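One structure is given below, encoded as structure tokens.
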Amino acid sequence: MPSSTEPELREIAFRHGRSKKRNNAIVALLSGALPGVILAFYFPSNWKRWLLGMIIGLIWGNAFEYSYHRWLLHRPRSSFAKGHLEHHTQIGTPKEPEHVSLGKSPLHIALLFTSNGIVVILIDFLLGLGISSGVFVGWTVYLITAEEIHWRIHMNGWLPPGLRFARAYHMSHHDIPNTRYNVFLPLFDFLLGNSRVRAPIT
């Protein structure tokens with residue numbers, strides 16, 4: 001039986017990668033947006049607090065992305081780094097699309113929401129802030145957006161005018177991995193001094 005050609009291998013990887021992205025988005029909606037709606041009944045609040053919660057969720061998502069990427073995915077010889085290294089090494093190969101997904105698996109996405117969500121719910125319950133519903137929605141929006149933009153960056157897909165810089169910004173991280181850990185919104189890169197490209201540590 002003849003082996004698959006490079007375009008065929010890339011097409012297979014593309015389908016697998018797109019399926020991962022779709023499944024991660026579905027789980028994010030079920031683990032984030034749905035609990036957010038349910039929490040609105042248990043922690044009632046006005047629209048201002050809900051909006052504040054969503055903003056906190058978006059910022060939290062950006063901070064988590066930065067921290068997770070910098071200190072776990074780039075931690076030498078860790079199990080997290082092993083999988084992420086595959087993403088870096090497959091750039092430009094037919095298998096690249098299969099390794100673009102930010103979430104390792106739908107279960108991984110669910111665990112991220114659960115672990116972070118417990119903290120938020122406890123804080124909201126103890127302090128009566130009424131923001132947890134918005135926070136969950138903010139997380140969902142951020143994760144799905146980051147996943148989609150990351151996919152489009154690597155697959156040379158269309159990006160809206162305000163985000164076209166993100167392709168060069170993120171791909172520079174693949175050239176010099178010790179900087180630029182945010183994918184498309186370099187908020188914590190800027191705050192923690194990692195928005196500039198710097199020479200690799202030797």
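Identifiers for the structure tokens are assigned positionally: chains receive A, B, ... in sequence, residues are indexed from 1 per chain, and ligands are indexed from 1 in the order shown.
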
>> Quick one: residues within 6 Å of Met54 (chain A), only C-alpha atoms, excluding same-chain residues fewer than 5 positions away - as a ChimeraX atom specification?
In response: /A:134-135,138

>> Excluding Glu65 (chain A) and its own-chain neighbours fewer than 2 positions away, which residues fall within 10 Å of it when counting only C-alpha atoms? Please give them as an NGL selection string.
In response: :A and (59-63 or 67-70 or 102 or 142-143 or 146 or 181-183 or 188)

Export C-alpha atoms of the chosen residues as a PDB file, in the first residue's frame?
```pdb
ATOM      1  CA  ILE A  59      -7.744  39.513  32.443  1.00  0.00           C
ATOM      2  CA  TRP A  60      -7.509  36.327  34.510  1.00  0.00           C
ATOM      3  CA  GLY A  61      -7.519  34.298  31.289  1.00  0.00           C
ATOM      4  CA  ASN A  62      -4.664  36.376  29.917  1.00  0.00           C
ATOM      5  CA  ALA A  63      -2.699  36.013  33.157  1.00  0.00           C
ATOM      6  CA  SER A  67       1.755  31.857  33.593  1.00  0.00           C
ATOM      7  CA  TYR A  68       0.840  28.441  32.247  1.00  0.00           C
ATOM      8  CA  HIS A  69       2.820  28.993  29.059  1.00  0.00           C
ATOM      9  CA  ARG A  70       5.892  30.465  30.711  1.00  0.00           C
ATOM     10  CA  LEU A 102      -3.869  25.111  23.087  1.00  0.00           C
ATOM     11  CA  TYR A 142     -10.926  34.323  26.214  1.00  0.00           C
ATOM     12  CA  LEU A 143     -10.132  30.629  25.788  1.00  0.00           C
ATOM     13  CA  ALA A 146      -7.215  32.519  21.979  1.00  0.00           C
ATOM     14  CA  TYR A 181       4.261  34.021  26.053  1.00  0.00           C
ATOM     15  CA  ASN A 182       0.861  35.609  25.378  1.00  0.00           C
ATOM     16  CA  VAL A 183      -0.616  34.498  22.060  1.00  0.00           C
ATOM     17  CA  PHE A 188       1.071  40.224  30.858  1.00  0.00           C
TER      18      PHE A 188
END
```

Per-residue nearest contacts of region 25-96 of chain A to region 10-14 of chain A (10 Å; only C-alpha atoms) as CSV:
```
residue,atom,partner,partner_atom,distance
A:Thr93,CA,A:Arg10,CA,7.9
A:Pro94,CA,A:Arg10,CA,4.2
A:Lys95,CA,A:Ala13,CA,5.5
A:Glu96,CA,A:Ala13,CA,7.2
```

Restricted to N, CA and C atoms, what would the selected residues look like written as a PDB file, in the first residue's frame?
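Wrote it out as result-v5.pdb, contents follow:
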```
ATOM      1  N   THR A  93       5.841  21.618   9.358  1.00  0.00           N
ATOM      2  CA  THR A  93       5.768  20.232   8.904  1.00  0.00           C
ATOM      3  C   THR A  93       4.316  19.869   8.589  1.00  0.00           C
ATOM      4  N   PRO A  94       4.093  18.761   7.882  1.00  0.00           N
ATOM      5  CA  PRO A  94       2.710  18.349   7.596  1.00  0.00           C
ATOM      6  C   PRO A  94       1.888  18.069   8.851  1.00  0.00           C
ATOM      7  N   LYS A  95       2.557  17.745   9.965  1.00  0.00           N
ATOM      8  CA  LYS A  95       1.845  17.408  11.199  1.00  0.00           C
ATOM      9  C   LYS A  95       1.519  18.630  12.062  1.00  0.00           C
ATOM     10  N   GLU A  96       1.945  19.799  11.627  1.00  0.00           N
ATOM     11  CA  GLU A  96       1.750  21.008  12.441  1.00  0.00           C
ATOM     12  C   GLU A  96       0.307  21.219  12.896  1.00  0.00           C
TER      13      GLU A  96
END
```

> From the list A:Arg164, A:His74, A:Lys104, A:Lys21, which residue is nearest His88 (chain A) when using only C-alpha atoms?
Replying inline: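 Of all the options, A:His74 lies closest to His88 (chain A).
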
>> Please extract the residues of region 1-194 of chain A with a backbone DSSP assignment of helix (DSSP H, G or I) and present them as a ChimeraX atom specification.
In response: /A:6-42,47-73,79-89,96-99,106-127,132-154,161-163,165-175,187-191

> Within 8 Å of Ser172 (chain A), counting only C-alpha atoms, which residues qualify if same-chain residues fewer than 5 places away don't, as a ChimeraX atom specification?
Replying inline: /A:177,180,197

>> Using only C-alpha atoms, can you tell me which of A:Glu147, A:Asp175, A:Asp124, A:Asp189 comes closest to Gly53 (chain A)?
In response: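 Among the listed residues, A:Asp124 lies closest to Gly53 (chain A).
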